[in-house]
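Novice: Sending over a structure as structure tokens; questions will come in a sec.
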Amino acid sequence: MARRRKTWRFRLDDATTLEVSAADGPTEKQVRRRGRWSLILGTLLAALMVVAVASADQLEADADAAVEAVPHGNSASATQSAGTTVAYDFSAQIVNTPPNSGASDNDVFETAGTCTTAPCAVTVTITRSGDWLASSPDAGTPASFSFTSYLAPQDGTIRVTVPSGMPCGTTKTMTAALSATASNGRALSSSSFNLSYVISTPACAANTAPTVDAGGPYSGDEGSDIGLNGATASDGDGPGPLSYLWAIDSSSVGTGSCSLTNATSLTLATIKCTDNGTATVKLTATEAGRHRIRQR
Amino acid sequence: MTIANVPPTIASLTPNVTNVLVGQNVTFTGSATDPSGVDTTAGFTWSFDLGSGYGSFGTSNQVTASFATCGSHTIDAKARDKDLGVSDPFTSSAVSIFDAQFLPPLKEGIYNAVQKGQVVPVKISVGCAGVFNSDLSPAIQLYTGDQAPDVDPSDPTAAVTESVSNADTSGIMREVDGQYIYNLRVPSTATANALFTIVVRPFGTVAGGSMKVVLKIRK
């Protein structure tokens, strides 16, 4: 059957003519033939998609494989002095209980060195967390493990350093997380495991408060600065420095009043009263973070 | 601790005039400080020694004294705070005391007979122990009646101190040869037996003291 062409002409202006032409559409026979081919191609494409889905679902999770770690050596919970570095040994392994055989149970490792789907390897990485790990200089040895068999545990060490400024009687908790990833894409039933360490610094000894001597007796004139000269009799047992504070405990100076200058200085404080009379001053020493004692 | 009272300190004891006639009142005013603001606010009491010993403490910081002899004179004072703290004695600024008298033809203490319209030479001397006090500008006024020497200069009875000398400044005596002089004309309208008072203030002010002579118009 001969094909016909359709042509449209448009006059744009006196000099220009646009001509557009198109072929005729298919014949009825051609349409029926093309419809059969389209059905065949669609059926084949659907079949390929089903196959692909079935292939992805084939690496199901290993229902009885997990990563574990067994601490040994130093206790996971101990009392350590500030500044001490402690090494915590552990054994990491892939447990596969029971080690079945056969391809149908989705084991990562059937037996040592074998697996149902290559490549057969599991990488275990260690991620540490905890409120004092930041001060630990050692990231752990090794930082990751590679397993090609579930039968052979591998040893590792986590080192932590108790911060030198960590006060006595303080407890810190550290966690090291082991995360397992199978190189063949098969998931382990449990792909993470945590090692937990608790370290406490020794209990604090009973505090002994500092003692101070306010000095005196003092005397002076109204309207004039009277120097106060305190002294530290005992600085207690705390690690921090002492701070001092003078205060007017009482005064009887008629209708006048008294005021202090440099009240936080042990030896440079002064008191001035606007009228004659008597006054009592009090010196307080405070040990940083500890107790306080007062002497008048 | 014990805070002691500090006595006040006298800062000044100042007379209201520095040159004054013998017997003329001089008022001294004292001021004091204290390191205690409370004491200062409460105020001080004062005791003065005018030459015969300290008197009792009183609340006034002023005292009036007069001096019977010419020369330089001072007084002493003490201040006391509310806590009975007494200051050190303080000596006032000096006051210069002078003698002054009318010179002839006028005399003090009598009625000086004059004619109405007469020109009267008013002469005074001011000094001490024979030493003339120069460079003064004594004020002179004529009042009707027999007035007290300390009559108010603005008293309405004051008459114009008429002078007949071109050398005179109206109301101000001039210094001539160790004395002060003013040629005063007695009012020509004065009636017989009328009294007039000539008041002279040697230091130009009332506070410095005044002296007077009385004129009586002849019949």
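In the structure tokens, each chain is lettered A, B, ... as it comes, each chain's residues begin at 1, and ligands are numbered from 1 in order of appearance.
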Output as number ranges by chain the set of chain A residues within 9 Å of chain B, with distances taken over only C-alpha atoms.
Specialist: A: 216-224, 226, 253-256, 272-281
Novice: Near A:Ser77, within 6 Å and counting only C-alpha atoms, which residues show up once chain neighbours fewer than 3 positions away are dropped, as a ChimeraX atom specification?
Specialist: /A:197-199
Novice: Dump N, CA and C atoms for the selected residues as a tab-separated table (two decimals), in the first residue's frame?
Specialist:
```tsv
chain	number	residue	atom	x	y	z
A	197	TYR	N	33.01	-0.02	80.51
A	197	TYR	CA	34.00	0.09	81.58
A	197	TYR	C	33.57	1.20	82.53
A	198	VAL	N	33.71	0.91	83.77
A	198	VAL	CA	33.39	1.91	84.79
A	198	VAL	C	34.63	2.11	85.65
A	199	ILE	N	35.09	3.33	85.72
A	199	ILE	CA	36.29	3.62	86.50
A	199	ILE	C	35.97	4.69	87.53
```
Novice: Between atom CA of B:Gly85 and atom CA of B:Thr9, what is the distance, to one decimal in Å?
Specialist: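 Those two atoms sit 10.0 Å apart.
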Novice: If we count only C-alpha atoms, what is near A:Leu178 at a cut-off of 6 Å, once residues fewer than 3 positions away on the same chain are taken out, given as an mmCIF file with C-alpha atoms, in the first residue's frame?
Specialist:
```cif
data_model
loop_
_atom_site.group_PDB
_atom_site.id
_atom_site.type_symbol
_atom_site.label_atom_id
_atom_site.label_comp_id
_atom_site.auth_asym_id
_atom_site.auth_seq_id
_atom_site.Cartn_x
_atom_site.Cartn_y
_atom_site.Cartn_z
ATOM 1 C CA THR A 125 35.186 -1.775 63.894
ATOM 2 C CA ILE A 126 35.443 -0.265 67.324
ATOM 3 C CA SER A 192 26.895 -4.694 67.339
ATOM 4 C CA PHE A 193 28.292 -5.370 70.774
#
```
Novice: Let me make sure I understand: among B:Thr14, B:Ser87, B:Asn61, B:Asn19, which one has the smallest atom-to-atom distance to B:Thr205 if we use only C-alpha atoms?
Specialist: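 Closest candidate: B:Asn19.
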